[in-house]
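Student: For reference, this is entry30.cif, and it has mmCIF, C-alpha atoms.
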```
data_upload
loop_
_atom_site.label_atom_id
_atom_site.label_comp_id
_atom_site.auth_asym_id
_atom_site.auth_seq_id
_atom_site.Cartn_x
_atom_site.Cartn_y
_atom_site.Cartn_z
CA MET O 1388 -22.31 29.16 4.76
CA LYS O 1389 -21.83 25.50 3.88
CA LYS O 1390 -22.59 26.20 0.22
CA LEU O 1391 -20.04 29.01 0.16
CA ILE O 1392 -17.30 26.74 1.57
CA VAL O 1393 -18.14 23.95 -0.88
CA ALA O 1394 -18.11 26.40 -3.80
CA ALA O 1395 -14.74 27.81 -2.71
CA LEU O 1396 -13.24 24.32 -2.41
CA LEU O 1397 -14.59 23.42 -5.84
CA VAL O 1398 -13.04 26.52 -7.43
CA VAL O 1399 -9.67 25.90 -5.75
CA GLY O 1400 -9.74 22.26 -6.82
CA LEU O 1401 -10.51 23.06 -10.44
CA THR O 1402 -7.84 25.74 -10.73
CA THR O 1403 -5.26 23.45 -9.15
CA TYR O 1404 -6.14 20.68 -11.60
CA ALA O 1405 -5.87 23.06 -14.57
CA GLN O 1406 -2.47 24.29 -13.43
CA GLU O 1407 -1.13 20.75 -13.07
CA LYS O 1408 -1.91 20.03 -16.71
CA GLU O 1409 0.06 23.07 -17.88
CA GLY O 1410 3.05 22.04 -15.81
CA ARG O 1411 3.09 18.48 -17.07
CA ARG O 1412 2.76 19.56 -20.69
CA ALA O 1413 5.43 22.25 -20.43
CA GLY O 1414 8.06 19.82 -19.10
CA LYS O 1415 7.58 17.21 -21.82
CA GLU O 1416 10.41 16.93 -24.26
CA LYS O 1417 10.19 15.62 -27.80
CA LEU O 1418 11.26 12.04 -28.30
CA THR O 1419 13.14 10.78 -31.32
CA LEU O 1420 11.58 8.18 -33.60
CA GLU O 1421 13.71 5.42 -32.09
CA GLN O 1422 12.86 6.48 -28.52
CA LYS O 1423 9.14 6.36 -29.32
CA VAL O 1424 9.49 2.86 -30.77
CA ASP O 1425 11.57 1.66 -27.79
CA LEU O 1426 9.07 3.08 -25.33
CA GLN O 1427 6.11 1.37 -27.00
CA VAL O 1428 7.92 -1.96 -27.42
CA LYS O 1429 9.12 -2.01 -23.81
CA LYS O 1430 5.62 -1.28 -22.55
CA MET O 1431 4.07 -3.97 -24.73
CA THR O 1432 6.78 -6.50 -23.80
CA LYS O 1433 6.14 -5.87 -20.13
CA ASP O 1434 2.33 -5.80 -20.37
CA LEU O 1435 1.95 -8.79 -22.71
CA ASP O 1436 4.95 -10.85 -21.57
CA LEU O 1437 6.32 -11.21 -25.10
CA ASN O 1438 9.12 -13.57 -26.08
CA GLU O 1439 12.14 -12.44 -28.16
CA LYS O 1440 10.64 -13.34 -31.55
CA GLN O 1441 7.39 -11.56 -30.71
CA THR O 1442 9.32 -8.53 -29.48
CA LYS O 1443 11.28 -8.40 -32.74
CA ASP O 1444 8.08 -8.63 -34.82
CA ILE O 1445 6.31 -6.05 -32.68
CA ARG O 1446 9.29 -3.69 -33.01
CA ALA O 1447 9.06 -3.89 -36.82
CA LEU O 1448 5.31 -3.26 -36.75
CA VAL O 1449 5.55 -0.39 -34.26
CA THR O 1450 8.38 1.19 -36.27
CA LYS O 1451 6.14 1.22 -39.37
CA GLN O 1452 3.28 2.74 -37.35
CA VAL O 1453 5.44 5.45 -35.82
CA GLU O 1454 6.94 6.33 -39.22
CA LYS O 1455 3.45 6.58 -40.76
CA ARG O 1456 2.27 8.75 -37.87
CA GLU O 1457 5.27 11.07 -38.17
CA ALA O 1458 4.81 11.35 -41.94
CA LYS O 1459 1.13 12.21 -41.44
CA ARG O 1460 2.05 14.80 -38.79
CA LYS O 1461 4.58 16.37 -41.18
CA GLU O 1462 1.97 16.39 -43.95
CA MET O 1463 -0.53 18.15 -41.67
CA GLU O 1464 2.07 20.76 -40.66
CA ASP O 1465 2.86 21.43 -44.32
CA PHE O 1466 -0.84 21.73 -45.07
CA LYS O 1467 -1.31 24.19 -42.21
CA THR O 1468 1.63 26.26 -43.46
CA LYS O 1469 0.26 26.29 -47.01
CA LYS O 1470 -3.22 27.14 -45.74
CA ARG O 1471 -1.79 29.96 -43.61
CA GLU O 1472 0.10 31.38 -46.61
CA ASP O 1473 -3.02 31.21 -48.78
CA PHE O 1474 -5.02 32.96 -46.07
CA LYS O 1475 -2.39 35.72 -45.77
CA ALA O 1476 -2.40 36.26 -49.54
CA GLN O 1477 -6.20 36.43 -49.56
CA MET O 1478 -6.23 38.93 -46.68
CA LYS O 1479 -3.63 41.08 -48.44
CA ALA O 1480 -5.72 41.12 -51.63
CA GLU O 1481 -8.84 42.07 -49.65
CA LYS O 1482 -6.93 44.83 -47.87
CA GLU O 1483 -5.73 46.27 -51.18
CA ALA O 1484 -9.26 46.09 -52.62
CA LEU O 1485 -10.61 47.92 -49.57
CA SER O 1486 -7.96 50.62 -49.93
CA ILE O 1487 -8.87 51.13 -53.59
CA GLU O 1488 -12.58 51.43 -52.75
CA MET O 1489 -11.91 53.81 -49.86
CA LYS O 1490 -9.69 55.95 -52.08
CA LYS O 1491 -12.59 56.30 -54.54
CA ILE O 1492 -15.03 57.36 -51.80
CA LEU O 1493 -12.92 59.58 -49.53
CA THR O 1494 -11.12 62.81 -50.25
CA ALA O 1495 -7.32 62.74 -50.20
CA GLU O 1496 -7.28 64.28 -46.70
CA GLN O 1497 -9.89 61.82 -45.36
CA TYR O 1498 -8.10 58.88 -46.95
CA ALA O 1499 -4.78 59.87 -45.36
CA LYS O 1500 -6.47 60.12 -41.96
CA TRP O 1501 -8.20 56.76 -42.45
CA GLU O 1502 -4.91 55.14 -43.47
CA LYS O 1503 -3.13 56.58 -40.43
CA ASN O 1504 -5.88 55.33 -38.09
CA ARG O 1505 -5.73 51.87 -39.64
CA GLU O 1506 -1.96 51.69 -39.21
CA GLU O 1507 -2.29 52.71 -35.55
CA LYS O 1508 -4.89 49.98 -34.97
CA ILE O 1509 -2.59 47.41 -36.52
CA LYS O 1510 0.35 48.61 -34.41
CA ASN O 1511 -1.72 48.45 -31.21
CA PHE O 1512 -3.00 44.99 -32.09
CA LYS O 1513 0.53 43.70 -32.68
CA GLU O 1514 1.69 45.17 -29.37
CA LYS O 1515 -1.18 43.51 -27.50
CA MET O 1516 -0.47 40.18 -29.17
CA SER O 1517 3.23 40.33 -28.31
CA GLU O 1518 2.34 41.16 -24.69
CA ARG O 1519 0.01 38.16 -24.56
CA LYS O 1520 2.70 35.96 -26.07
CA GLU O 1521 5.25 37.12 -23.49
CA LYS O 1522 2.73 36.59 -20.71
CA ARG O 1523 2.05 33.02 -21.91
CA LYS O 1524 5.76 32.30 -22.12
CA SER O 1525 6.37 33.53 -18.59
CA GLN O 1526 3.45 31.45 -17.28
CA ALA O 1527 4.51 28.30 -19.12
CA ILE O 1528 7.95 28.16 -17.50
CA PRO O 1529 7.67 25.75 -14.54
CA GLU O 1530 9.02 27.10 -11.29
CA LYS O 1531 11.29 24.86 -9.23
#
```
Turn the structure described in the file into structure tokens.
Tutor:
Amino acid sequence: MKKLIVAALLVVGLTTYAQEKEGRRAGKEKLTLEQKVDLQVKKMTKDLDLNEKQTKDIRALVTKQVEKREAKRKEMEDFKTKKREDFKAQMKAEKEALSIEMKKILTAEQYAKWEKNREEKIKNFKEKMSERKEKRKSQAIPEK
């Protein structure tokens, strides 16, 4: 009985912890470049007890770091977009090649049926994905 209670408390604790993370992440808003710099400089000034000259120098250094980080983030996003486009083009070419091969093997009637089945599978997959997306959106909205 003791083990059952401990296990139940453990499960409740873990699920509560996981839900807190989602809530904190969902409420975060994006900061501008200047806000990020100000936040870091204020924290460092407070933690390290910096004088005005040090604060000015730190601000310049932090600004360079934040700009580099943002440029790198933008570069990675562009790379992901390019990679995604390349992947889509490759998948389209493979799909066309498969259709050509299937057309050679199947009769016209069989090919039409195969094509219809494939389109239905794609439609069902897209519907399931949109349902999942809607479900995630509704779960991500923090309740007040």
Student: Using all atoms listed in the file, which residues sit within 12 Å of O:Gln1427 once same-chain residues fewer than 4 positions away are excluded, as a count of residues only?
Tutor: 19
Student: Please compute the atom CA of O:Lys1513-atom CA of O:Lys1479 distance, one decimal, in Å.
Tutor: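 Here the two named atoms are 16.5 Å from each other.
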Student: At what distance in Å, to one decimal, does atom CA of O:Phe1466 lie from atom CA of O:Glu1481?
Tutor: 22.3 Å
Student: Work out how far apart atom CA of O:Gln1477 and atom CA of O:Asn1504 are and give it in Å to one decimal.
Tutor: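 About the pair atom CA of O:Gln1477 and atom CA of O:Asn1504: they are 22.1 Å apart.
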Student: Determine the nearest neighbour of O:Ala1499 from the options O:Phe1474, O:Asn1511, O:Ser1486, O:Asp1425, counting all atoms listed in the file.
Tutor: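 Closest to O:Ala1499, using all atoms listed in the file: O:Ser1486.
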